[in-house]
Amino acid sequence: MKKTIRPFAVFDIDGTLIRWQLYHAVFDALATEALIDEQTYSQIRDARKLWKLRTHNESYKDYELSIVKAYGNLLTTLSLKQYEKAIQAVFEEYKDQTYTYTRDLIKDLKRRGFLLFAISGSPSEIIGLIANYYGFNDFVGTTFERQANGFTGKELSTVYNKGEVLKSLALKHKTSFAGSIGVGDGFSDRQVLELVETPIAFNPESRLFNIAREKGWQI
């Protein structure tokens with residue numbers, strides 16, 4: 001008997017399922033524990049303020065980049081215990097702070113037998129907890145190299161090309177793009193939405209909104 005291929009749905013997590021950016025939330029949790037030096041935190045805080053004031057079109061991107069650049073260096077100053085405590089605190093605070101639309105869509109797709117994938121640029125540790133909590137079949141997040149009791153600061157993998165990540169997940173789980181669904185809110189999610197059969201731009205940033213409108217995707 002021929003095995004039935006389960007369709008899949010792929011979700012971005014930050015700003016798509018969870019109502020905030022988990023990368024940023026982890027950074028804030030570390031700051032709360034006084035584990036970030038004042039100069040670094042001041043730079044991040046200033047970049048965030050410029051974004052909140054909408055000083056220019058690239059202010060959010062600049063804010064995000066400031067966190068990403070600081071993250072690798074910051075990890076080298078932490079023990080695994082300190083980091084894992086911050087990750088757990090973020091999970092407990094944000095796990096239920098979801099958008100109703102995507103939360104209910106996930107429930108419906110699970111009921112219909114879809115495979116569920118999560119692809120996010122946030123740290124794999126927090127994405128793994130969220131993915132497990134919502135019953136995803138697999139996930140990919142940014143991973144940093146570990147050593148005995150901490151981190152080297154070296155980035156082992158990240159999600160720069162979400163399209164290639166999705167192809168790898170589909171191959172790993174022996175599924176096809178027939179009947180596939182993708183949900184994302186950021187410009188980088190376009191790589192995923194261009195591959196799936198039903199792309200959904202959810203609360204999209206302006207660049208993704210323009211692409212979605214041009215291509216006739218669901219918004």
# chains A, B, ... in the order shown; residues from 1 in each chain; ligands from 1
>>> residues_around(residues="range 9-21 of chain A", least_positions_apart="3", cutoff="7 Å", atoms="only C-alpha atoms", output="list in words")
His24, Ala25, Gln97, Thr98, Tyr99, Thr102, Arg103, Phe114, Leu115, Leu116, Phe117, Ala118, Ile119, Ser120, Ser180, Ile181, Gly182, Val183, Gly184, Asp185 and Phe202 of chain A
>>> closest_atom_pairs(of="range 6-68 of chain A", to="range 164-179 of chain A", cutoff="8 Å", atoms="only C-alpha atoms", output="CSV")
residue,atom,partner,partner_atom,distance
A:Arg6,CA,A:Thr175,CA,6.2
A:Pro7,CA,A:Gly179,CA,5.8
A:Phe8,CA,A:Thr175,CA,7.2
A:Val10,CA,A:Leu166,CA,8.0
>>> atom_distance(atom1="CA of Arg48 in chain A", atom2="CA of Tyr71 in chain A")
15.3 Å
>>> closest_atom_pairs(of="range 67-176 of chain A", to="range 51-62 of chain A", cutoff="12 Å", atoms="only C-alpha atoms", output="JSON lines")
{"residue": "A:Ile67", "atom": "CA", "partner": "A:Asp62", "partner_atom": "CA", "distance": 8.8}
{"residue": "A:Val68", "atom": "CA", "partner": "A:Asp62", "partner_atom": "CA", "distance": 9.9}
{"residue": "A:Lys69", "atom": "CA", "partner": "A:Asp62", "partner_atom": "CA", "distance": 10.5}
>>> select_by_dssp(residues="range 31-206 of chain A", states="helix (DSSP H, G or I)", output="JSON, numbers by chain")
{"A": [31, 32, 38, 39, 40, 41, 42, 43, 44, 45, 46, 47, 48, 49, 50, 51, 52, 59, 60, 61, 62, 63, 64, 65, 66, 67, 68, 69, 70, 71, 72, 73, 74, 75, 80, 81, 82, 83, 84, 85, 86, 87, 88, 89, 90, 91, 92, 93, 94, 100, 101, 102, 103, 104, 105, 106, 107, 108, 109, 110, 111, 124, 125, 126, 127, 128, 129, 130, 131, 132, 133, 162, 163, 164, 165, 166, 167, 168, 169, 170, 171, 172, 187, 188, 189, 190, 191, 192, 193, 206]}
>>> write_last_selection(atoms="C-alpha atoms", output="short mmCIF file (atom, residue, chain, number, x, y, z; two decimals), in the first residue's frame")
data_model
loop_
_atom_site.label_atom_id
_atom_site.label_comp_id
_atom_site.auth_asym_id
_atom_site.auth_seq_id
_atom_site.Cartn_x
_atom_site.Cartn_y
_atom_site.Cartn_z
CA ALA A 31 19.54 42.60 31.34
CA THR A 32 17.06 42.09 34.19
CA GLU A 38 25.89 48.94 30.69
CA GLN A 39 27.56 50.11 27.47
CA THR A 40 26.13 47.25 25.40
CA TYR A 41 22.69 47.59 26.91
CA SER A 42 22.74 51.35 26.39
CA GLN A 43 23.50 50.87 22.69
CA ILE A 44 20.63 48.41 22.33
CA ARG A 45 18.26 50.66 24.28
CA ASP A 46 19.14 53.66 22.07
CA ALA A 47 18.56 51.62 18.89
CA ARG A 48 15.20 50.44 20.25
CA LYS A 49 14.18 54.01 21.04
CA LEU A 50 15.00 55.14 17.48
CA TRP A 51 12.81 52.33 16.17
CA LYS A 52 9.92 53.16 18.52
CA SER A 59 15.14 51.83 12.22
CA TYR A 60 13.69 48.40 13.10
CA LYS A 61 16.30 46.62 10.98
CA ASP A 62 19.06 48.64 12.68
CA TYR A 63 17.64 47.75 16.09
CA GLU A 64 17.54 44.06 15.22
CA LEU A 65 21.08 44.10 13.86
CA SER A 66 22.36 45.78 17.01
CA ILE A 67 21.05 42.85 19.06
CA VAL A 68 22.37 40.19 16.69
CA LYS A 69 25.84 41.75 16.66
CA ALA A 70 25.99 41.92 20.46
CA TYR A 71 24.59 38.45 21.05
CA GLY A 72 27.61 36.28 20.19
CA ASN A 73 29.96 38.33 22.37
CA LEU A 74 27.44 38.41 25.18
CA LEU A 75 27.13 34.62 25.25
CA LEU A 80 24.95 27.72 30.64
CA LYS A 81 22.98 27.96 33.87
CA GLN A 82 22.57 31.75 33.54
CA TYR A 83 21.56 31.47 29.90
CA GLU A 84 19.11 28.62 30.45
CA LYS A 85 17.51 30.51 33.35
CA ALA A 86 16.89 33.49 31.03
CA ILE A 87 15.51 31.22 28.28
CA GLN A 88 13.12 29.55 30.71
CA ALA A 89 11.96 32.92 32.06
CA VAL A 90 11.18 34.14 28.54
CA PHE A 91 9.33 30.93 27.72
CA GLU A 92 7.16 31.17 30.83
CA GLU A 93 6.35 34.84 30.18
CA TYR A 94 5.66 34.68 26.44
CA THR A 100 -5.44 34.30 18.02
CA TYR A 101 -5.37 33.81 14.25
CA THR A 102 -2.15 31.81 14.10
CA ARG A 103 -2.81 29.95 17.37
CA ASP A 104 -6.19 28.75 16.08
CA LEU A 105 -4.74 27.95 12.64
CA ILE A 106 -2.12 25.71 14.28
CA LYS A 107 -4.84 23.86 16.22
CA ASP A 108 -6.89 23.36 13.05
CA LEU A 109 -3.93 22.15 10.99
CA LYS A 110 -2.91 19.67 13.70
CA ARG A 111 -6.46 18.33 13.73
CA SER A 124 17.16 27.52 18.95
CA GLU A 125 16.78 26.98 22.72
CA ILE A 126 13.72 29.24 23.02
CA ILE A 127 12.28 28.20 19.64
CA GLY A 128 12.56 24.56 20.71
CA LEU A 129 10.53 25.21 23.86
CA ILE A 130 7.83 27.10 21.93
CA ALA A 131 7.73 24.48 19.16
CA ASN A 132 7.34 21.66 21.68
CA TYR A 133 4.66 23.56 23.61
CA LYS A 162 14.64 30.31 5.15
CA GLY A 163 13.82 28.83 1.76
CA GLU A 164 16.76 26.42 1.89
CA VAL A 165 15.96 25.57 5.51
CA LEU A 166 12.40 24.70 4.52
CA LYS A 167 13.57 22.50 1.63
CA SER A 168 15.79 20.59 4.07
CA LEU A 169 12.90 20.10 6.51
CA ALA A 170 10.60 18.87 3.74
CA LEU A 171 13.25 16.38 2.59
CA LYS A 172 13.95 15.22 6.15
CA PHE A 187 10.82 40.26 4.59
CA SER A 188 12.99 37.15 5.13
CA ASP A 189 9.81 35.03 5.18
CA ARG A 190 9.25 35.78 1.50
CA GLN A 191 11.68 32.92 0.70
CA VAL A 192 9.30 30.50 2.40
CA LEU A 193 6.10 32.05 1.09
CA SER A 206 5.91 47.01 4.56
#
>>> select_by_dssp(residues="range 10-182 of chain A", states="strand (DSSP E or B)", output="ChimeraX atom specification")
/A:10-11,14,18,79,98,115-123,138-147,150-157,181-182
